[in-house]
Amino acid sequence: MRPCYWLLGIATLAIGALASAQTMTLCTGSPGKTYHAVGQTLAELLPAMAGGDLKVEVLATGGSIDNLNKLMAGECDGAIVQGDAAVFYTRQVNPDAAGKFRMVTPLYQELSLLLCSRDSDIDEIDDLLDEEGASVAAGAMGSGSLATWLTFRSIKPEYEQVKVVPRNGAEGAMAVANGEASCVFEVIAPQSDFIQALNDNEAISDNLGFAEVDDGFDGFEVDGREIYQRVTFDDEKYDNLSGWGDPELIAITAYLVVAEEWAASQSSAMSALTMTLLTGKADIEAVAYGPGGKPFSE
């Protein structure tokens, strides 16, 4: 039987193609949260757009600031980052990073959610200023939520009197339920398994409710670009956590960023990435907003 040289040739080419496929390492967020889910969606979409020449490895991380630290350390090529966290990072954390990463495109808008104890008199964020010993579980350094809270504090220094408890997520919610914090503050996509879990847990939802975040922060701009936008959130999406009316919140845009060095050396990968972000916008927003679209309005 004659050897099938042509089959061997095809197999060799296929193996070579797999071996030559480049990997983009993408820093995202905690498993179960939206940055990680959006990263997985990009990992599914990008190889097809790149003709199999580029694949995405999704890394779980501690959030926006952690992502930028890893980007600067060369541990990832790209990252998902809050727009305000990128500004905070180059101003407050690592000024040398300015000009070393590129904000490729906006992905979707996140919401600044403030969930407060129902036993308190906190219906909106500035009520914290009237609450003796008020505290907010806003996360540890590395999270975008803490970067946003500290940015709020730089805009309105009176919020420095509100103690920051270094917990967020489920730990932050439990801190409020247990009376260890007045509120938990999260910057998160509207379609959130985490918020849904809080909503569905009676022990939590009986003790927590949405408060407004509307104390003039929406005027914040950097280089003429609006960083915060005031929106009205349809909180009936999470009916057990909702109050008497739809709260006004601050919306913050999440971006896909890449290291400038990687972008400069990977022109074809950048083209595929940009096209994927354009054509896959609906898929990405479906992850962030859910099947019903944006549950908030300007």
# chains A, B, ... in the order shown; residues from 1 in each chain; ligands from 1
>>> closest_atom_pairs(of="stretch 203-280 of chain A", to="stretch 23-45 of chain A", cutoff="9 Å", atoms="only C-alpha atoms", output="tab-separated table")
residue	atom	partner	partner_atom	distance
A:Ala254	CA	A:Tyr35	CA	9.0
A:Val258	CA	A:Leu26	CA	8.8
A:Ala269	CA	A:Met24	CA	8.6
A:Leu273	CA	A:Leu42	CA	8.9
A:Thr276	CA	A:Leu45	CA	6.7
A:Leu277	CA	A:Leu42	CA	8.1
A:Gly280	CA	A:Leu45	CA	7.2
>>> write_last_selection(atoms="N, CA and C atoms", output="compact mmCIF listing (two decimals), in the first residue's frame")
# COMPACT_ATOMS: atom_id res chain seq x y z
N ALA A 254 -17.03 50.49 30.52
CA ALA A 254 -15.93 49.51 30.56
C ALA A 254 -15.26 49.47 29.19
N VAL A 258 -5.28 47.48 25.62
CA VAL A 258 -4.15 46.61 25.29
C VAL A 258 -2.86 47.37 25.59
N ALA A 269 -3.18 41.01 14.55
CA ALA A 269 -4.00 40.66 15.71
C ALA A 269 -4.86 41.84 16.14
N LEU A 273 -8.85 41.91 16.36
CA LEU A 273 -9.46 42.28 17.64
C LEU A 273 -10.45 43.42 17.46
N THR A 276 -13.53 42.19 15.66
CA THR A 276 -14.34 41.34 16.54
C THR A 276 -15.16 42.19 17.50
N LEU A 277 -14.55 43.24 18.05
CA LEU A 277 -15.26 44.11 18.98
C LEU A 277 -16.40 44.85 18.30
N GLY A 280 -19.00 41.94 17.21
CA GLY A 280 -19.50 41.18 18.35
C GLY A 280 -20.13 42.03 19.43
>>> residues_around(residues="A:Tyr238", least_positions_apart="4", cutoff="9 Å", atoms="only C-alpha atoms", output="PyMOL selection string")
chain A and resi 195-196+198-200+234+242
>>> write_last_selection(atoms="C-alpha atoms", output="short mmCIF file (atom, residue, chain, number, x, y, z; two decimals), in the first residue's frame")
data_model
loop_
_atom_site.label_atom_id
_atom_site.label_comp_id
_atom_site.auth_asym_id
_atom_site.auth_seq_id
_atom_site.Cartn_x
_atom_site.Cartn_y
_atom_site.Cartn_z
CA ILE A 195 -26.69 40.76 42.31
CA GLN A 196 -29.23 38.11 41.31
CA LEU A 198 -28.27 38.62 46.60
CA ASN A 199 -31.79 39.27 45.34
CA ASP A 200 -32.76 35.60 45.64
CA ASP A 234 -35.04 49.96 36.44
CA SER A 242 -35.76 47.36 44.89
#
>>> residues_around(residues="stretch 142-155 of chain A", least_positions_apart="6", cutoff="8 Å", atoms="only C-alpha atoms", output="list of chain:residue names")
A:Gly62, A:Gly63, A:Ser64, A:Ile65, A:Asp66, A:Asn67, A:Val81, A:Gln82, A:Asp84, A:Ala85, A:Phe88, A:Phe185, A:Glu186, A:Val187, A:Phe217, A:Phe220
>>> residues_around(residues="A:Val231", least_positions_apart="6", cutoff="8 Å", atoms="only C-alpha atoms", output="list in words")
Glu248, Leu249, Ile250, Ala251, Phe296, Ser297 and Glu298 of chain A
>>> residues_around(residues="stretch 94-98 of chain A", least_positions_apart="3", cutoff="10 Å", atoms="only C-alpha atoms", output="number ranges by chain")
A: 68-69, 71-72, 86-91, 101-102, 259
>>> write_last_selection(atoms="N, CA and C atoms", output="mmCIF file, in the first residue's frame")
data_model
loop_
_atom_site.group_PDB
_atom_site.id
_atom_site.type_symbol
_atom_site.label_atom_id
_atom_site.label_comp_id
_atom_site.auth_asym_id
_atom_site.auth_seq_id
_atom_site.Cartn_x
_atom_site.Cartn_y
_atom_site.Cartn_z
ATOM 1 N N LEU A 68 -4.565 46.318 35.271
ATOM 2 C CA LEU A 68 -3.571 47.265 34.758
ATOM 3 C C LEU A 68 -2.183 46.969 35.324
ATOM 4 N N ASN A 69 -2.122 46.543 36.582
ATOM 5 C CA ASN A 69 -0.833 46.138 37.145
ATOM 6 C C ASN A 69 -0.250 44.964 36.357
ATOM 7 N N LEU A 71 -1.021 44.128 33.286
ATOM 8 C CA LEU A 71 -0.720 44.588 31.927
ATOM 9 C C LEU A 71 0.657 45.231 31.886
ATOM 10 N N MET A 72 0.953 46.071 32.862
ATOM 11 C CA MET A 72 2.246 46.744 32.912
ATOM 12 C C MET A 72 3.388 45.774 33.235
ATOM 13 N N ALA A 86 -8.913 53.496 34.781
ATOM 14 C CA ALA A 86 -7.731 53.767 33.951
ATOM 15 C C ALA A 86 -7.158 55.138 34.278
ATOM 16 N N VAL A 87 -8.040 56.123 34.469
ATOM 17 C CA VAL A 87 -7.604 57.468 34.845
ATOM 18 C C VAL A 87 -6.993 57.450 36.242
ATOM 19 N N PHE A 88 -7.680 56.797 37.183
ATOM 20 C CA PHE A 88 -7.191 56.692 38.564
ATOM 21 C C PHE A 88 -5.809 56.039 38.597
ATOM 22 N N TYR A 89 -5.626 55.016 37.778
ATOM 23 C CA TYR A 89 -4.368 54.263 37.776
ATOM 24 C C TYR A 89 -3.189 55.146 37.379
ATOM 25 N N THR A 90 -3.351 55.890 36.295
ATOM 26 C CA THR A 90 -2.223 56.708 35.826
ATOM 27 C C THR A 90 -2.014 57.954 36.687
ATOM 28 N N ARG A 91 -3.029 58.355 37.437
ATOM 29 C CA ARG A 91 -2.891 59.531 38.306
ATOM 30 C C ARG A 91 -2.440 59.183 39.717
ATOM 31 N N PHE A 101 -0.500 52.018 27.627
ATOM 32 C CA PHE A 101 -1.615 51.158 27.237
ATOM 33 C C PHE A 101 -2.610 51.982 26.427
ATOM 34 N N ARG A 102 -3.376 51.277 25.634
ATOM 35 C CA ARG A 102 -4.304 51.913 24.688
ATOM 36 C C ARG A 102 -5.725 51.460 24.985
ATOM 37 N N ALA A 259 -1.809 46.608 25.833
ATOM 38 C CA ALA A 259 -0.493 47.212 26.025
ATOM 39 C C ALA A 259 -0.022 47.806 24.702
#
>>> closest_residue(among="A:Thr105, A:Ser120, A:Ser182, A:Ser112", to="A:Phe233", atoms="only C-alpha atoms")
A:Ser112
>>> closest_residue(among="A:Tyr228, A:Tyr108, A:Phe210, A:Tyr159", to="A:Tyr255", atoms="only C-alpha atoms")
A:Tyr108
>>> select_by_dssp(residues="stretch 150-236 of chain A", states="helix (DSSP H, G or I)", output="PyMOL selection string")
chain A and resi 150-155+157-161+169-177+193-200+202-205+217-219+235-236
>>> write_last_selection(atoms="C-alpha atoms", output="PDB file, in the first residue's frame")
ATOM      1  CA  LEU A 150     -11.802  56.959  45.826  1.00  0.00           C
ATOM      2  CA  THR A 151     -12.498  59.000  42.674  1.00  0.00           C
ATOM      3  CA  PHE A 152     -15.858  60.055  44.155  1.00  0.00           C
ATOM      4  CA  ARG A 153     -13.952  61.086  47.270  1.00  0.00           C
ATOM      5  CA  SER A 154     -11.497  63.178  45.243  1.00  0.00           C
ATOM      6  CA  ILE A 155     -14.427  64.968  43.581  1.00  0.00           C
ATOM      7  CA  PRO A 157     -13.686  65.406  49.807  1.00  0.00           C
ATOM      8  CA  GLU A 158     -16.502  65.383  52.369  1.00  0.00           C
ATOM      9  CA  TYR A 159     -16.868  61.652  51.632  1.00  0.00           C
ATOM     10  CA  GLU A 160     -13.501  61.083  53.332  1.00  0.00           C
ATOM     11  CA  GLN A 161     -15.464  60.950  56.588  1.00  0.00           C
ATOM     12  CA  GLY A 169     -18.839  41.206  46.575  1.00  0.00           C
ATOM     13  CA  ALA A 170     -20.447  38.603  48.813  1.00  0.00           C
ATOM     14  CA  GLU A 171     -18.186  39.558  51.734  1.00  0.00           C
ATOM     15  CA  GLY A 172     -19.279  43.175  51.461  1.00  0.00           C
ATOM     16  CA  ALA A 173     -22.965  42.242  51.336  1.00  0.00           C
ATOM     17  CA  MET A 174     -22.572  40.015  54.399  1.00  0.00           C
ATOM     18  CA  ALA A 175     -20.784  42.859  56.194  1.00  0.00           C
ATOM     19  CA  VAL A 176     -23.887  45.031  55.685  1.00  0.00           C
ATOM     20  CA  ALA A 177     -26.275  42.233  56.661  1.00  0.00           C
ATOM     21  CA  ASP A 193     -25.279  36.717  38.672  1.00  0.00           C
ATOM     22  CA  PHE A 194     -23.883  38.184  41.888  1.00  0.00           C
ATOM     23  CA  ILE A 195     -26.686  40.758  42.312  1.00  0.00           C
ATOM     24  CA  GLN A 196     -29.226  38.113  41.312  1.00  0.00           C
ATOM     25  CA  ALA A 197     -27.869  35.828  44.034  1.00  0.00           C
ATOM     26  CA  LEU A 198     -28.268  38.621  46.604  1.00  0.00           C
ATOM     27  CA  ASN A 199     -31.788  39.273  45.336  1.00  0.00           C
ATOM     28  CA  ASP A 200     -32.761  35.602  45.644  1.00  0.00           C
ATOM     29  CA  GLU A 202     -33.963  36.247  51.636  1.00  0.00           C
ATOM     30  CA  ALA A 203     -31.464  36.618  54.452  1.00  0.00           C
ATOM     31  CA  ILE A 204     -29.671  39.232  52.338  1.00  0.00           C
ATOM     32  CA  SER A 205     -32.512  40.908  50.431  1.00  0.00           C
ATOM     33  CA  PHE A 217     -20.556  63.096  40.285  1.00  0.00           C
ATOM     34  CA  ASP A 218     -21.851  63.017  36.700  1.00  0.00           C
ATOM     35  CA  GLY A 219     -20.013  66.266  35.880  1.00  0.00           C
ATOM     36  CA  ASP A 235     -34.404  48.169  39.724  1.00  0.00           C
ATOM     37  CA  GLU A 236     -37.452  45.911  39.304  1.00  0.00           C
TER      38      GLU A 236
END
>>> select_by_dssp(residues="stretch 173-221 of chain A", states="strand (DSSP E or B)", output="PyMOL selection string")
chain A and resi 183-188+208-212+221
>>> write_last_selection(atoms="N, CA and C atoms", output="compact mmCIF listing (two decimals), in the first residue's frame")
# COMPACT_ATOMS: atom_id res chain seq x y z
N CYS A 183 -23.26 50.20 53.98
CA CYS A 183 -23.61 49.90 52.60
C CYS A 183 -22.49 49.10 51.95
N VAL A 184 -22.81 48.44 50.87
CA VAL A 184 -21.81 47.83 50.01
C VAL A 184 -21.88 48.56 48.67
N PHE A 185 -20.71 48.88 48.12
CA PHE A 185 -20.62 49.63 46.86
C PHE A 185 -19.97 48.75 45.81
N GLU A 186 -20.64 48.60 44.68
CA GLU A 186 -20.13 47.75 43.59
C GLU A 186 -20.31 48.46 42.26
N VAL A 187 -19.26 48.47 41.45
CA VAL A 187 -19.39 48.87 40.04
C VAL A 187 -19.49 47.58 39.25
N ILE A 188 -20.64 47.38 38.62
CA ILE A 188 -20.93 46.06 38.08
C ILE A 188 -21.89 46.18 36.91
N LEU A 208 -31.04 44.40 52.77
CA LEU A 208 -30.39 45.35 51.87
C LEU A 208 -31.37 45.90 50.85
N GLY A 209 -31.14 47.15 50.44
CA GLY A 209 -31.94 47.76 49.39
C GLY A 209 -31.11 48.77 48.61
N PHE A 210 -31.51 49.05 47.37
CA PHE A 210 -30.79 50.00 46.54
C PHE A 210 -30.93 51.43 47.06
N ALA A 211 -29.83 52.17 47.00
CA ALA A 211 -29.84 53.60 47.31
C ALA A 211 -29.35 54.36 46.08
N GLU A 212 -29.73 55.63 45.98
CA GLU A 212 -29.33 56.43 44.82
C GLU A 212 -27.88 56.89 44.92
N GLU A 221 -15.15 65.04 34.19
CA GLU A 221 -14.59 64.85 32.84
C GLU A 221 -13.07 64.81 32.92
>>> decode(residues="stretch 121-160 of chain A", atoms="N, CA and C atoms", output="short mmCIF file (atom, residue, chain, number, x, y, z; two decimals), in the first residue's frame")
data_model
loop_
_atom_site.label_atom_id
_atom_site.label_comp_id
_atom_site.auth_asym_id
_atom_site.auth_seq_id
_atom_site.Cartn_x
_atom_site.Cartn_y
_atom_site.Cartn_z
N ASP A 121 -31.08 54.97 57.59
CA ASP A 121 -31.88 56.00 56.92
C ASP A 121 -31.21 56.42 55.62
N ILE A 122 -30.48 55.51 55.00
CA ILE A 122 -29.72 55.84 53.79
C ILE A 122 -30.52 55.45 52.56
N ASP A 123 -31.07 56.46 51.90
CA ASP A 123 -31.81 56.26 50.66
C ASP A 123 -31.02 56.74 49.45
N GLU A 124 -30.03 57.58 49.70
CA GLU A 124 -29.15 58.07 48.64
C GLU A 124 -27.77 58.29 49.23
N ILE A 125 -26.80 58.41 48.35
CA ILE A 125 -25.41 58.37 48.79
C ILE A 125 -25.06 59.48 49.79
N ASP A 126 -25.62 60.67 49.61
CA ASP A 126 -25.23 61.75 50.52
C ASP A 126 -25.83 61.59 51.92
N ASP A 127 -26.77 60.64 52.10
CA ASP A 127 -27.25 60.34 53.45
C ASP A 127 -26.14 59.75 54.31
N LEU A 128 -25.11 59.19 53.67
CA LEU A 128 -23.97 58.66 54.42
C LEU A 128 -23.28 59.75 55.22
N LEU A 129 -23.35 60.99 54.72
CA LEU A 129 -22.68 62.10 55.38
C LEU A 129 -23.38 62.49 56.68
N ASP A 130 -24.65 62.11 56.80
CA ASP A 130 -25.43 62.43 58.00
C ASP A 130 -25.48 61.27 58.98
N GLU A 131 -24.96 60.12 58.57
CA GLU A 131 -25.01 58.91 59.40
C GLU A 131 -23.75 58.84 60.26
N GLU A 132 -23.90 58.86 61.55
CA GLU A 132 -22.74 58.80 62.45
C GLU A 132 -22.05 57.44 62.30
N GLY A 133 -20.73 57.48 62.07
CA GLY A 133 -19.96 56.24 61.94
C GLY A 133 -20.25 55.48 60.67
N ALA A 134 -20.72 56.16 59.63
CA ALA A 134 -21.08 55.48 58.37
C ALA A 134 -19.86 54.83 57.74
N SER A 135 -20.09 53.67 57.14
CA SER A 135 -19.00 52.95 56.47
C SER A 135 -19.53 52.27 55.22
N VAL A 136 -18.64 52.09 54.25
CA VAL A 136 -19.00 51.47 52.98
C VAL A 136 -18.02 50.36 52.67
N ALA A 137 -18.53 49.18 52.39
CA ALA A 137 -17.70 48.07 51.93
C ALA A 137 -17.48 48.27 50.44
N ALA A 138 -16.31 48.80 50.09
CA ALA A 138 -16.04 49.18 48.70
C ALA A 138 -14.90 48.38 48.08
N GLY A 139 -14.42 47.37 48.78
CA GLY A 139 -13.40 46.51 48.19
C GLY A 139 -11.99 46.87 48.60
N ALA A 140 -11.07 45.99 48.22
CA ALA A 140 -9.65 46.18 48.51
C ALA A 140 -8.96 46.78 47.30
N MET A 141 -7.74 47.29 47.50
CA MET A 141 -6.98 47.85 46.39
C MET A 141 -6.78 46.78 45.32
N GLY A 142 -7.04 47.15 44.09
CA GLY A 142 -7.01 46.20 42.98
C GLY A 142 -8.36 46.14 42.29
N SER A 143 -9.41 46.48 43.04
CA SER A 143 -10.75 46.44 42.45
C SER A 143 -11.12 47.78 41.84
N GLY A 144 -11.91 47.73 40.77
CA GLY A 144 -12.40 48.95 40.15
C GLY A 144 -13.39 49.67 41.03
N SER A 145 -14.13 48.92 41.85
CA SER A 145 -15.12 49.55 42.73
C SER A 145 -14.44 50.50 43.71
N LEU A 146 -13.33 50.07 44.28
CA LEU A 146 -12.62 50.96 45.21
C LEU A 146 -12.04 52.16 44.47
N ALA A 147 -11.55 51.95 43.24
CA ALA A 147 -11.03 53.07 42.45
C ALA A 147 -12.12 54.11 42.21
N THR A 148 -13.34 53.64 41.93
CA THR A 148 -14.46 54.57 41.73
C THR A 148 -14.79 55.31 43.02
N TRP A 149 -14.84 54.58 44.14
CA TRP A 149 -15.17 55.23 45.41
C TRP A 149 -14.13 56.30 45.75
N LEU A 150 -12.86 55.99 45.53
CA LEU A 150 -11.80 56.96 45.83
C LEU A 150 -11.86 58.14 44.86
N THR A 151 -12.31 57.89 43.63
CA THR A 151 -12.50 59.00 42.67
C THR A 151 -13.65 59.89 43.12
N PHE A 152 -14.75 59.28 43.58
CA PHE A 152 -15.86 60.05 44.15
C PHE A 152 -15.33 60.94 45.28
N ARG A 153 -14.48 60.37 46.11
CA ARG A 153 -13.95 61.09 47.27
C ARG A 153 -13.05 62.24 46.85
N SER A 154 -12.34 62.07 45.73
CA SER A 154 -11.50 63.18 45.24
C SER A 154 -12.35 64.31 44.67
N ILE A 155 -13.51 63.96 44.11
CA ILE A 155 -14.43 64.97 43.58
C ILE A 155 -15.11 65.71 44.73
N LYS A 156 -15.50 64.96 45.75
CA LYS A 156 -16.19 65.55 46.91
C LYS A 156 -15.49 65.07 48.18
N PRO A 157 -14.50 65.83 48.66
CA PRO A 157 -13.69 65.41 49.81
C PRO A 157 -14.48 65.13 51.08
N GLU A 158 -15.71 65.64 51.16
CA GLU A 158 -16.50 65.38 52.37
C GLU A 158 -16.76 63.88 52.58
N TYR A 159 -16.65 63.10 51.50
CA TYR A 159 -16.87 61.65 51.63
C TYR A 159 -15.69 60.94 52.31
N GLU A 160 -14.62 61.68 52.59
CA GLU A 160 -13.50 61.08 53.33
C GLU A 160 -13.91 60.69 54.75
#
